[in-house]
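One file, target-v3.pdb, is given below (PDB, C-alpha atoms).
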```
ATOM      1  CA  MET A   1     -10.172  -6.040  14.366  1.00  0.00           C
ATOM      2  CA  LEU A   2     -13.504  -5.505  12.596  1.00  0.00           C
ATOM      3  CA  SER A   3     -16.607  -7.602  13.114  1.00  0.00           C
ATOM      4  CA  VAL A   4     -19.605  -8.206  10.856  1.00  0.00           C
ATOM      5  CA  VAL A   5     -22.681 -10.432  10.694  1.00  0.00           C
ATOM      6  CA  VAL A   6     -23.552 -11.937   7.307  1.00  0.00           C
ATOM      7  CA  ARG A   7     -27.350 -11.915   7.329  1.00  0.00           C
ATOM      8  CA  ARG A   8     -27.979 -13.080   3.765  1.00  0.00           C
ATOM      9  CA  TRP A   9     -26.018 -13.887   0.641  1.00  0.00           C
ATOM     10  CA  ALA A  10     -26.558 -14.768  -3.015  1.00  0.00           C
ATOM     11  CA  ALA A  11     -24.209 -15.489  -5.904  1.00  0.00           C
ATOM     12  CA  TRP A  12     -24.303 -16.166  -9.637  1.00  0.00           C
ATOM     13  CA  THR A  13     -21.960 -17.660 -12.187  1.00  0.00           C
ATOM     14  CA  PRO A  14     -22.875 -19.677 -15.291  1.00  0.00           C
ATOM     15  CA  GLY A  15     -24.332 -22.972 -14.101  1.00  0.00           C
ATOM     16  CA  LEU A  16     -24.526 -21.983 -10.423  1.00  0.00           C
ATOM     17  CA  GLU A  17     -27.601 -19.950  -9.556  1.00  0.00           C
ATOM     18  CA  ARG A  18     -29.408 -21.420  -6.530  1.00  0.00           C
ATOM     19  CA  LEU A  19     -28.054 -21.458  -2.985  1.00  0.00           C
ATOM     20  CA  ASP A  20     -27.863 -25.259  -2.948  1.00  0.00           C
ATOM     21  CA  ASP A  21     -25.819 -25.169  -6.191  1.00  0.00           C
ATOM     22  CA  TRP A  22     -23.316 -22.926  -4.457  1.00  0.00           C
ATOM     23  CA  GLU A  23     -23.286 -24.994  -1.302  1.00  0.00           C
ATOM     24  CA  ARG A  24     -22.337 -28.073  -3.364  1.00  0.00           C
ATOM     25  CA  TRP A  25     -19.682 -26.105  -5.248  1.00  0.00           C
ATOM     26  CA  CYS A  26     -18.194 -24.790  -2.010  1.00  0.00           C
ATOM     27  CA  ARG A  27     -17.799 -28.369  -0.769  1.00  0.00           C
ATOM     28  CA  VAL A  28     -16.346 -29.679  -4.040  1.00  0.00           C
ATOM     29  CA  PRO A  29     -15.311 -26.765  -6.283  1.00  0.00           C
ATOM     30  CA  THR A  30     -15.171 -27.310 -10.025  1.00  0.00           C
ATOM     31  CA  ALA A  31     -14.214 -25.039 -12.918  1.00  0.00           C
ATOM     32  CA  LEU A  32     -16.425 -21.977 -13.245  1.00  0.00           C
ATOM     33  CA  GLY A  33     -17.774 -20.653 -16.516  1.00  0.00           C
ATOM     34  CA  ALA A  34     -17.240 -17.432 -18.403  1.00  0.00           C
ATOM     35  CA  GLU A  35     -20.262 -17.340 -20.732  1.00  0.00           C
ATOM     36  CA  GLY A  36     -23.881 -16.461 -20.127  1.00  0.00           C
ATOM     37  CA  ALA A  37     -25.775 -14.017 -17.935  1.00  0.00           C
ATOM     38  CA  PRO A  38     -28.880 -14.085 -15.727  1.00  0.00           C
ATOM     39  CA  ALA A  39     -32.219 -13.144 -17.279  1.00  0.00           C
ATOM     40  CA  LEU A  40     -33.346 -10.503 -14.719  1.00  0.00           C
ATOM     41  CA  PRO A  41     -37.075 -11.258 -15.135  1.00  0.00           C
ATOM     42  CA  PHE A  42     -37.899  -8.882 -12.256  1.00  0.00           C
ATOM     43  CA  LEU A  43     -36.852  -5.851 -14.352  1.00  0.00           C
ATOM     44  CA  PRO A  44     -38.738  -4.279 -17.300  1.00  0.00           C
ATOM     45  CA  PRO A  45     -37.562  -5.445 -20.763  1.00  0.00           C
ATOM     46  CA  LEU A  46     -36.359  -1.981 -21.785  1.00  0.00           C
ATOM     47  CA  PHE A  47     -34.262  -1.705 -18.629  1.00  0.00           C
ATOM     48  CA  ARG A  48     -32.793  -5.179 -19.139  1.00  0.00           C
ATOM     49  CA  ARG A  49     -31.623  -4.206 -22.611  1.00  0.00           C
ATOM     50  CA  ARG A  50     -29.553  -1.407 -21.061  1.00  0.00           C
ATOM     51  CA  CYS A  51     -27.646  -3.870 -18.882  1.00  0.00           C
ATOM     52  CA  SER A  52     -24.283  -5.343 -19.853  1.00  0.00           C
ATOM     53  CA  ARG A  53     -23.376  -8.824 -18.709  1.00  0.00           C
ATOM     54  CA  LEU A  54     -21.535  -7.474 -15.667  1.00  0.00           C
ATOM     55  CA  SER A  55     -24.543  -5.340 -14.765  1.00  0.00           C
ATOM     56  CA  ARG A  56     -26.813  -8.375 -15.093  1.00  0.00           C
ATOM     57  CA  LEU A  57     -24.542 -10.447 -12.862  1.00  0.00           C
ATOM     58  CA  MET A  58     -24.384  -7.853 -10.117  1.00  0.00           C
ATOM     59  CA  LEU A  59     -28.043  -6.818 -10.236  1.00  0.00           C
ATOM     60  CA  HIS A  60     -29.154 -10.448 -10.094  1.00  0.00           C
ATOM     61  CA  ALA A  61     -27.017 -11.134  -7.022  1.00  0.00           C
ATOM     62  CA  ALA A  62     -28.129  -7.894  -5.343  1.00  0.00           C
ATOM     63  CA  TYR A  63     -31.840  -8.591  -5.750  1.00  0.00           C
ATOM     64  CA  ALA A  64     -31.443 -12.252  -4.777  1.00  0.00           C
ATOM     65  CA  ALA A  65     -29.657 -11.364  -1.535  1.00  0.00           C
ATOM     66  CA  CYS A  66     -32.185  -8.751  -0.420  1.00  0.00           C
ATOM     67  CA  GLU A  67     -35.563  -9.194   1.179  1.00  0.00           C
ATOM     68  CA  PRO A  68     -38.226  -7.484  -0.988  1.00  0.00           C
ATOM     69  CA  ASP A  69     -38.494  -4.482   1.340  1.00  0.00           C
ATOM     70  CA  ASP A  70     -34.706  -4.117   1.622  1.00  0.00           C
ATOM     71  CA  VAL A  71     -33.842  -3.607  -2.024  1.00  0.00           C
ATOM     72  CA  SER A  72     -34.861   0.058  -1.890  1.00  0.00           C
ATOM     73  CA  ALA A  73     -33.806   0.652   1.710  1.00  0.00           C
ATOM     74  CA  LEU A  74     -30.194  -0.481   2.167  1.00  0.00           C
ATOM     75  CA  PRO A  75     -27.041   1.562   1.623  1.00  0.00           C
ATOM     76  CA  ALA A  76     -25.051  -0.277  -1.022  1.00  0.00           C
ATOM     77  CA  VAL A  77     -21.472  -0.829  -2.148  1.00  0.00           C
ATOM     78  CA  PHE A  78     -20.882  -2.252  -5.616  1.00  0.00           C
ATOM     79  CA  ALA A  79     -17.281  -3.326  -6.180  1.00  0.00           C
ATOM     80  CA  SER A  80     -15.421  -4.736  -9.159  1.00  0.00           C
ATOM     81  CA  ARG A  81     -11.743  -5.266  -9.768  1.00  0.00           C
ATOM     82  CA  PHE A  82     -11.996  -4.549 -13.496  1.00  0.00           C
ATOM     83  CA  GLY A  83     -15.461  -3.099 -14.042  1.00  0.00           C
ATOM     84  CA  GLU A  84     -16.569  -2.502 -17.632  1.00  0.00           C
ATOM     85  CA  LEU A  85     -13.134  -2.943 -19.211  1.00  0.00           C
ATOM     86  CA  GLY A  86     -14.638  -4.844 -22.135  1.00  0.00           C
ATOM     87  CA  LEU A  87     -16.821  -1.891 -23.076  1.00  0.00           C
ATOM     88  CA  THR A  88     -14.001   0.567 -22.389  1.00  0.00           C
ATOM     89  CA  VAL A  89     -11.668  -1.287 -24.767  1.00  0.00           C
ATOM     90  CA  SER A  90     -14.423  -1.344 -27.398  1.00  0.00           C
ATOM     91  CA  LEU A  91     -14.817   2.432 -27.091  1.00  0.00           C
ATOM     92  CA  LEU A  92     -11.061   2.962 -27.367  1.00  0.00           C
ATOM     93  CA  GLU A  93     -10.955   0.792 -30.493  1.00  0.00           C
ATOM     94  CA  SER A  94     -13.757   2.906 -31.969  1.00  0.00           C
ATOM     95  CA  LEU A  95     -11.760   6.054 -31.232  1.00  0.00           C
ATOM     96  CA  ALA A  96      -8.694   4.521 -32.903  1.00  0.00           C
ATOM     97  CA  ARG A  97     -10.835   3.915 -36.002  1.00  0.00           C
ATOM     98  CA  LYS A  98     -12.090   7.521 -35.747  1.00  0.00           C
ATOM     99  CA  GLU A  99     -15.650   6.310 -35.258  1.00  0.00           C
ATOM    100  CA  PRO A 100     -18.093   8.365 -33.195  1.00  0.00           C
ATOM    101  CA  LEU A 101     -18.921   7.179 -29.690  1.00  0.00           C
ATOM    102  CA  THR A 102     -22.490   6.744 -28.551  1.00  0.00           C
ATOM    103  CA  ALA A 103     -23.663   8.500 -25.414  1.00  0.00           C
ATOM    104  CA  SER A 104     -25.058   5.251 -24.023  1.00  0.00           C
ATOM    105  CA  GLY A 105     -21.774   3.446 -24.651  1.00  0.00           C
ATOM    106  CA  PHE A 106     -19.819   6.030 -22.703  1.00  0.00           C
ATOM    107  CA  THR A 107     -22.429   6.222 -19.935  1.00  0.00           C
ATOM    108  CA  HIS A 108     -22.264   2.487 -19.311  1.00  0.00           C
ATOM    109  CA  SER A 109     -18.458   2.264 -19.381  1.00  0.00           C
ATOM    110  CA  VAL A 110     -17.891   4.090 -16.083  1.00  0.00           C
ATOM    111  CA  HIS A 111     -17.111   2.229 -12.871  1.00  0.00           C
ATOM    112  CA  ASN A 112     -20.318   3.254 -11.117  1.00  0.00           C
ATOM    113  CA  THR A 113     -22.535   1.881 -13.895  1.00  0.00           C
ATOM    114  CA  GLN A 114     -23.840  -1.036 -11.831  1.00  0.00           C
ATOM    115  CA  ILE A 115     -24.607   0.905  -8.655  1.00  0.00           C
ATOM    116  CA  GLY A 116     -26.296   3.573 -10.773  1.00  0.00           C
ATOM    117  CA  LEU A 117     -28.507   1.035 -12.524  1.00  0.00           C
ATOM    118  CA  PHE A 118     -29.321  -0.620  -9.202  1.00  0.00           C
ATOM    119  CA  SER A 119     -30.274   2.709  -7.630  1.00  0.00           C
ATOM    120  CA  ILE A 120     -32.616   3.459 -10.541  1.00  0.00           C
ATOM    121  CA  ALA A 121     -34.156  -0.005 -10.781  1.00  0.00           C
ATOM    122  CA  ALA A 122     -34.666  -0.399  -7.035  1.00  0.00           C
ATOM    123  CA  LYS A 123     -35.618   3.253  -6.450  1.00  0.00           C
ATOM    124  CA  ASN A 124     -32.917   3.195  -3.801  1.00  0.00           C
ATOM    125  CA  ARG A 125     -31.890   6.658  -2.602  1.00  0.00           C
ATOM    126  CA  ARG A 126     -29.623   5.536   0.213  1.00  0.00           C
ATOM    127  CA  MET A 127     -25.857   6.022   0.291  1.00  0.00           C
ATOM    128  CA  ALA A 128     -24.133   4.268  -2.598  1.00  0.00           C
ATOM    129  CA  SER A 129     -20.468   3.639  -3.428  1.00  0.00           C
ATOM    130  CA  ALA A 130     -18.588   2.132  -6.361  1.00  0.00           C
ATOM    131  CA  LEU A 131     -15.181   0.716  -5.499  1.00  0.00           C
ATOM    132  CA  ALA A 132     -12.138  -0.941  -7.057  1.00  0.00           C
ATOM    133  CA  ALA A 133      -9.113  -2.075  -5.051  1.00  0.00           C
ATOM    134  CA  GLY A 134      -7.240  -4.541  -7.232  1.00  0.00           C
ATOM    135  CA  ALA A 135      -6.972  -8.070  -5.901  1.00  0.00           C
ATOM    136  CA  GLU A 136      -8.115  -6.754  -2.495  1.00  0.00           C
ATOM    137  CA  THR A 137     -11.426  -5.418  -3.799  1.00  0.00           C
ATOM    138  CA  PHE A 138     -13.512  -7.808  -1.685  1.00  0.00           C
ATOM    139  CA  PRO A 139     -12.258  -6.925   1.824  1.00  0.00           C
ATOM    140  CA  TYR A 140     -12.211  -3.215   1.087  1.00  0.00           C
ATOM    141  CA  ALA A 141     -15.781  -3.405  -0.195  1.00  0.00           C
ATOM    142  CA  VAL A 142     -16.788  -4.915   3.152  1.00  0.00           C
ATOM    143  CA  ILE A 143     -14.912  -2.155   4.994  1.00  0.00           C
ATOM    144  CA  GLU A 144     -16.651   0.477   2.864  1.00  0.00           C
ATOM    145  CA  ALA A 145     -20.016  -1.103   3.673  1.00  0.00           C
ATOM    146  CA  LEU A 146     -19.213  -1.026   7.394  1.00  0.00           C
ATOM    147  CA  ALA A 147     -18.405   2.671   7.042  1.00  0.00           C
ATOM    148  CA  SER A 148     -21.786   3.149   5.335  1.00  0.00           C
ATOM    149  CA  ILE A 149     -23.476   1.437   8.278  1.00  0.00           C
ATOM    150  CA  GLU A 150     -21.754   3.804  10.702  1.00  0.00           C
ATOM    151  CA  ARG A 151     -22.674   6.868   8.649  1.00  0.00           C
ATOM    152  CA  ALA A 152     -26.294   5.687   8.459  1.00  0.00           C
ATOM    153  CA  GLY A 153     -26.491   5.173  12.209  1.00  0.00           C
ATOM    154  CA  GLY A 154     -26.780   1.391  12.107  1.00  0.00           C
ATOM    155  CA  GLY A 155     -28.820  -1.176  10.218  1.00  0.00           C
ATOM    156  CA  PRO A 156     -27.673  -3.514   7.443  1.00  0.00           C
ATOM    157  CA  ALA A 157     -25.900  -2.706   4.181  1.00  0.00           C
ATOM    158  CA  LEU A 158     -25.598  -4.445   0.826  1.00  0.00           C
ATOM    159  CA  VAL A 159     -22.208  -5.414  -0.630  1.00  0.00           C
ATOM    160  CA  VAL A 160     -21.986  -6.693  -4.222  1.00  0.00           C
ATOM    161  CA  ILE A 161     -18.742  -7.880  -5.828  1.00  0.00           C
ATOM    162  CA  GLY A 162     -18.571  -8.948  -9.463  1.00  0.00           C
ATOM    163  CA  ASP A 163     -16.224  -9.357 -12.403  1.00  0.00           C
ATOM    164  CA  GLU A 164     -16.024 -10.971 -15.813  1.00  0.00           C
ATOM    165  CA  PRO A 165     -13.150 -12.147 -18.024  1.00  0.00           C
ATOM    166  CA  LEU A 166     -10.859  -9.465 -19.386  1.00  0.00           C
ATOM    167  CA  PRO A 167     -11.287  -8.558 -23.075  1.00  0.00           C
ATOM    168  CA  ALA A 168      -8.964 -10.213 -25.584  1.00  0.00           C
ATOM    169  CA  ALA A 169      -6.761  -7.114 -25.810  1.00  0.00           C
ATOM    170  CA  LEU A 170      -5.980  -7.410 -22.086  1.00  0.00           C
ATOM    171  CA  GLU A 171      -6.207 -11.135 -21.432  1.00  0.00           C
ATOM    172  CA  ALA A 172      -2.424 -11.403 -21.028  1.00  0.00           C
ATOM    173  CA  PHE A 173      -2.783  -9.392 -17.829  1.00  0.00           C
ATOM    174  CA  GLU A 174      -3.913 -10.631 -14.456  1.00  0.00           C
ATOM    175  CA  GLY A 175      -7.484 -11.870 -14.258  1.00  0.00           C
ATOM    176  CA  ASP A 176      -9.598 -14.762 -13.045  1.00  0.00           C
ATOM    177  CA  GLY A 177     -11.194 -15.653 -16.388  1.00  0.00           C
ATOM    178  CA  ILE A 178     -14.649 -16.219 -14.912  1.00  0.00           C
ATOM    179  CA  ALA A 179     -17.908 -14.291 -14.747  1.00  0.00           C
ATOM    180  CA  TYR A 180     -19.380 -14.087 -11.256  1.00  0.00           C
ATOM    181  CA  ALA A 181     -21.110 -11.911  -8.694  1.00  0.00           C
ATOM    182  CA  LEU A 182     -21.525 -12.302  -4.941  1.00  0.00           C
ATOM    183  CA  ALA A 183     -23.875 -10.196  -2.824  1.00  0.00           C
ATOM    184  CA  LEU A 184     -23.842 -10.026   0.973  1.00  0.00           C
ATOM    185  CA  VAL A 185     -26.263  -8.292   3.305  1.00  0.00           C
ATOM    186  CA  ILE A 186     -24.130  -7.447   6.323  1.00  0.00           C
ATOM    187  CA  ALA A 187     -24.783  -5.755   9.655  1.00  0.00           C
ATOM    188  CA  ARG A 188     -23.214  -5.097  13.031  1.00  0.00           C
ATOM    189  CA  ALA A 189     -25.703  -7.441  14.724  1.00  0.00           C
ATOM    190  CA  GLY A 190     -28.571  -9.793  13.965  1.00  0.00           C
ATOM    191  CA  ASP A 191     -29.096 -13.333  12.753  1.00  0.00           C
ATOM    192  CA  GLY A 192     -26.375 -15.021  10.745  1.00  0.00           C
ATOM    193  CA  PRO A 193     -22.742 -16.026  11.126  1.00  0.00           C
ATOM    194  CA  ARG A 194     -20.509 -13.413  12.739  1.00  0.00           C
ATOM    195  CA  VAL A 195     -16.987 -13.077  11.403  1.00  0.00           C
ATOM    196  CA  ARG A 196     -14.042 -10.932  12.441  1.00  0.00           C
ATOM    197  CA  PHE A 197     -11.230  -9.803  10.197  1.00  0.00           C
ATOM    198  CA  ALA A 198      -7.958  -7.968  10.584  1.00  0.00           C
ATOM    199  CA  PRO A 199      -4.868  -7.283   8.465  1.00  0.00           C
ATOM    200  CA  ALA A 200      -2.570 -10.294   8.191  1.00  0.00           C
ATOM    201  CA  ALA A 201       1.202 -10.251   8.468  1.00  0.00           C
ATOM    202  CA  ALA A 202       2.910 -10.624   5.107  1.00  0.00           C
ATOM    203  CA  ALA A 203       4.443 -13.954   6.161  1.00  0.00           C
ATOM    204  CA  GLU A 204       0.967 -15.361   6.869  1.00  0.00           C
ATOM    205  CA  ILE A 205      -0.465 -14.625   3.431  1.00  0.00           C
ATOM    206  CA  PRO A 206      -0.532 -17.689   1.166  1.00  0.00           C
ATOM    207  CA  ALA A 207      -0.128 -17.673  -2.579  1.00  0.00           C
ATOM    208  CA  GLU A 208      -2.916 -15.900  -4.453  1.00  0.00           C
ATOM    209  CA  PRO A 209      -6.000 -18.120  -4.217  1.00  0.00           C
ATOM    210  CA  ARG A 210      -7.388 -20.124  -7.101  1.00  0.00           C
ATOM    211  CA  TRP A 211     -10.716 -18.287  -7.025  1.00  0.00           C
ATOM    212  CA  PRO A 212     -11.522 -14.594  -6.566  1.00  0.00           C
ATOM    213  CA  GLN A 213     -11.283 -13.622  -2.908  1.00  0.00           C
ATOM    214  CA  ALA A 214     -15.044 -13.100  -2.678  1.00  0.00           C
ATOM    215  CA  LEU A 215     -15.689 -16.709  -3.696  1.00  0.00           C
ATOM    216  CA  GLU A 216     -12.906 -18.027  -1.466  1.00  0.00           C
ATOM    217  CA  PHE A 217     -14.591 -16.173   1.393  1.00  0.00           C
ATOM    218  CA  LEU A 218     -17.927 -17.789   0.516  1.00  0.00           C
ATOM    219  CA  ARG A 219     -16.314 -21.238   0.456  1.00  0.00           C
ATOM    220  CA  TRP A 220     -14.898 -20.594   3.906  1.00  0.00           C
ATOM    221  CA  LEU A 221     -18.143 -19.110   5.251  1.00  0.00           C
ATOM    222  CA  LEU A 222     -20.029 -22.286   4.319  1.00  0.00           C
ATOM    223  CA  SER A 223     -17.326 -24.584   5.709  1.00  0.00           C
ATOM    224  CA  ASP A 224     -16.368 -25.587   9.251  1.00  0.00           C
ATOM    225  CA  GLU A 225     -12.884 -24.075   9.065  1.00  0.00           C
ATOM    226  CA  PRO A 226     -12.194 -21.649  11.947  1.00  0.00           C
ATOM    227  CA  SER A 227     -10.282 -19.096   9.872  1.00  0.00           C
ATOM    228  CA  ILE A 228      -8.895 -18.209   6.470  1.00  0.00           C
ATOM    229  CA  THR A 229      -6.242 -15.758   5.309  1.00  0.00           C
ATOM    230  CA  LEU A 230      -6.754 -14.202   1.892  1.00  0.00           C
ATOM    231  CA  GLY A 231      -4.498 -11.767   0.120  1.00  0.00           C
ATOM    232  CA  ALA A 232      -2.043 -11.072  -2.653  1.00  0.00           C
ATOM    233  CA  SER A 233       1.339  -9.377  -3.069  1.00  0.00           C
ATOM    234  CA  GLY A 234       2.044  -9.415   0.652  1.00  0.00           C
ATOM    235  CA  ARG A 235      -1.239  -7.750   1.655  1.00  0.00           C
ATOM    236  CA  GLY A 236      -4.312  -9.446   3.021  1.00  0.00           C
ATOM    237  CA  PHE A 237      -6.730 -10.135   5.839  1.00  0.00           C
ATOM    238  CA  THR A 238      -7.384 -13.022   8.195  1.00  0.00           C
ATOM    239  CA  TRP A 239     -11.062 -13.893   8.673  1.00  0.00           C
ATOM    240  CA  THR A 240     -12.152 -15.801  11.789  1.00  0.00           C
ATOM    241  CA  ARG A 241     -15.459 -16.997  13.180  1.00  0.00           C
ATOM    242  CA  ALA A 242     -16.650 -15.067  16.217  1.00  0.00           C
TER     243      ALA A 242
END
```
Entire entry expressed as structure tokens:
Amino acid sequence: MLSVVVRRWAAWTPGLERLDDWERWCRVPTALGAEGAPALPFLPPLFRRRCSRLSRLMLHAAYAACEPDDVSALPAVFASRFGELGLTVSLLESLARKEPLTASGFTHSVHNTQIGLFSIAAKNRRMASALAAGAETFPYAVIEALASIERAGGGPALVVIGDEPLPAALEAFEGDGIAYALALVIARAGDGPRVRFAPAAAAEIPAEPRWPQALEFLRWLLSDEPSITLGASGRGFTWTRA
């Protein structure tokens, strides 16, 4: 069983930006949006123009979750189930039309786009990882962050999970249909709620949750429930309060 303290968190989806907005949503969840993106006023205009919507979502959450001195100091894990699939599909369509690809388009279509932009913007030279693990992306991002903490010899780490709706060419496939990002600053010790998690038996895993696992975790974290089991396709984790 693994254990982690959630020191700080921040999240963004259209219409839900402040912590109190999210606290109300976690108590009484309503439909989440798919349009819009945060403004990123803390970044230079030229840098903002380089950011896709997914990059804006994840950078906003990352900066909002960090103390000012932490943004350049924490090892970070940026995780996304689908990443920049919208841009990737656009590039493939251009290839099918025999149109040339731009260097910037290709550069920003890779899965480590967001962690790369964060490292540049924050001048963060600590360990950084980009991760995708299907429906289980959230728990494995937390595990990766815990590994970063061990490699760094302790201290907190930043975990950012984000996704956006699949492009029209892929919308028949599995997806949540919302644009969101959640950032957690986690550590082995310190102030904040401590949670433990361990693999769940297949029989204990409920149907795939209504919301992405990261947001279901946030709903649970802000509730009084003692535990929650999240997973899909017979694989998952049970989270409990320590």
Original post:
What do you get, as a PyMOL selection string, if you spell out every residue that the PyMOL selection byres ((chain A and resi 130) around 7) selects here?
Top reply: chain A and resi 77-79+111-112+115+129+131
File of the preceding selection, C-alpha atoms, as a compact mmCIF listing (two decimals), keeping the file's coordinate frame:
```
# COMPACT_ATOMS: atom_id res chain seq x y z
CA VAL A 77 -21.47 -0.83 -2.15
CA PHE A 78 -20.88 -2.25 -5.62
CA ALA A 79 -17.28 -3.33 -6.18
CA HIS A 111 -17.11 2.23 -12.87
CA ASN A 112 -20.32 3.25 -11.12
CA ILE A 115 -24.61 0.90 -8.65
CA SER A 129 -20.47 3.64 -3.43
CA LEU A 131 -15.18 0.72 -5.50
```
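Candidate residues A:Gln213, A:Ser223, A:Thr238, A:Ser52 were compared for distance to Ala200 (chain A), and the nearest is A:Thr238, using all atoms listed in the file.
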Original post:
Could you work out how far CA of Pro14 (chain A) lies from CA of Ala179 (chain A), giving the answer in Å with one decimal?
Top reply: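 Those two atoms sit 7.3 Å apart.
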Subject >> Nearest-residue call for Gly86 (chain A), choices A:Ala147, A:Arg18, A:Ala128, A:Leu166, using all atoms listed in the file >> reply: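 Checking each of A:Ala147, A:Arg18, A:Ala128, A:Leu166 against Gly86 (chain A), counting all atoms listed in the file, the winner is A:Leu166.
For the choices A:Asp69, A:Glu35, A:Glu93, A:Glu23, the atom-to-atom distance to Trp220 (chain A) is smallest for A:Glu23 when using all atoms listed in the file.
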Subject >> Point-to-point distance from CA of Glu99 (chain A) to CA of Gly116 (chain A), Å rounded to tenths >> reply: 26.8 Å
Quick one: which region 145-174 of chain A residues come within 7 Å of region 185-197 of chain A, and what is the nearest atom pair for each with the distance in Å to one decimal, counting all atoms listed in the file, rows ordered by chain and ascending number, as a Markdown table?
```
| residue | atom | partner | partner_atom | distance |
| --- | --- | --- | --- | --- |
| A:Gly155 | CA | A:Ala187 | CA | 6.1 |
| A:Pro156 | CA | A:Ala187 | CA | 4.3 |
| A:Ala157 | CA | A:Ile186 | CA | 5.5 |
| A:Leu158 | CA | A:Val185 | CA | 4.6 |
| A:Val159 | CA | A:Val185 | CA | 6.3 |
```
**OP:** Evaluate the PyMOL selection byres ((chain A and resi 234-237) around 9) on the structure here and hand back the selected residues as an MDAnalysis selection string.
**Re:** chainID A and resid 136 139 197:206 228:233 238:239
Original post:
Looking at A:Val110, A:Leu85, A:Leu95, A:Leu117, which one is nearest to Arg50 (chain A), with distances taken over only C-alpha atoms?
Top reply: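 For Arg50 (chain A), the nearest of the given residues is A:Leu117.
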**OP:** Using all atoms listed in the file, pick whichever of A:Phe173, A:Trp9, A:Phe47, A:Trp22 has the shortest atom-to-atom distance to Phe82 (chain A).
**Re:**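 Of A:Phe173, A:Trp9, A:Phe47, A:Trp22, the one nearest Phe82 (chain A) is A:Phe173, counting all atoms listed in the file.
In this model, the gap between CA of Pro165 (chain A) and CA of Ile178 (chain A) comes to 5.3 Å.
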Subject >> Hits from the PyMOL selection byres ((chain A and resi 27) around 12), listed as number ranges by chain >> reply: A: 20-26, 28-30, 216, 218-225
Residues of region 135-169 of chain A at most 8 Å from region 58-61 of chain A: nearest atom pair and distance in Å, only C-alpha atoms, as a tab-separated table:
```
residue	atom	partner	partner_atom	distance
A:Val160	CA	A:Met58	CA	6.5
A:Ile161	CA	A:Met58	CA	7.1
A:Gly162	CA	A:Met58	CA	6.0
```
Mind giving me the axis-aligned box for region 45-62 of chain A with 8 Å on every side, centre plus edges in Å to one decimal, as AutoDock Vina command-line options?
```
--center_x -29.5 --center_y -6.3 --center_z -14.0 --size_x 32.0 --size_y 25.7 --size_z 33.3
```
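Comparing the minimum interatomic distances between Ala141 (chain A) and each of A:Arg81, A:Arg48, A:Arg53, A:Arg241, counting all atoms listed in the file, we find that A:Arg81 sits nearest.
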Subject >> Test item: residues at most 9 Å from Tyr63 (chain A), only C-alpha atoms, excluding those fewer than 4 positions along its chain, as a list in words >> reply: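 In the requested format, the answer is Ala10, Phe42, Met58, Leu59, Glu67, Pro68, Val71, Ala122 and Ala183 of chain A.
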Original post:
Please, which residues are within 9 Å of (-19.9, 0.1, -18.4) by the file's coordinates, counting all atoms listed in the file, and could they come as number ranges by chain?
Top reply: A: 51-52, 54-55, 83-88, 105-114
Suppose we keep C-alpha atoms; can you now write the selection as a compact mmCIF listing (two decimals), in the coordinates of the input?
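Result written to selection.txt:
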```txt
# COMPACT_ATOMS: atom_id res chain seq x y z
CA CYS A 51 -27.65 -3.87 -18.88
CA SER A 52 -24.28 -5.34 -19.85
CA LEU A 54 -21.54 -7.47 -15.67
CA SER A 55 -24.54 -5.34 -14.76
CA GLY A 83 -15.46 -3.10 -14.04
CA GLU A 84 -16.57 -2.50 -17.63
CA LEU A 85 -13.13 -2.94 -19.21
CA GLY A 86 -14.64 -4.84 -22.14
CA LEU A 87 -16.82 -1.89 -23.08
CA THR A 88 -14.00 0.57 -22.39
CA GLY A 105 -21.77 3.45 -24.65
CA PHE A 106 -19.82 6.03 -22.70
CA THR A 107 -22.43 6.22 -19.93
CA HIS A 108 -22.26 2.49 -19.31
CA SER A 109 -18.46 2.26 -19.38
CA VAL A 110 -17.89 4.09 -16.08
CA HIS A 111 -17.11 2.23 -12.87
CA ASN A 112 -20.32 3.25 -11.12
CA THR A 113 -22.54 1.88 -13.90
CA GLN A 114 -23.84 -1.04 -11.83
```
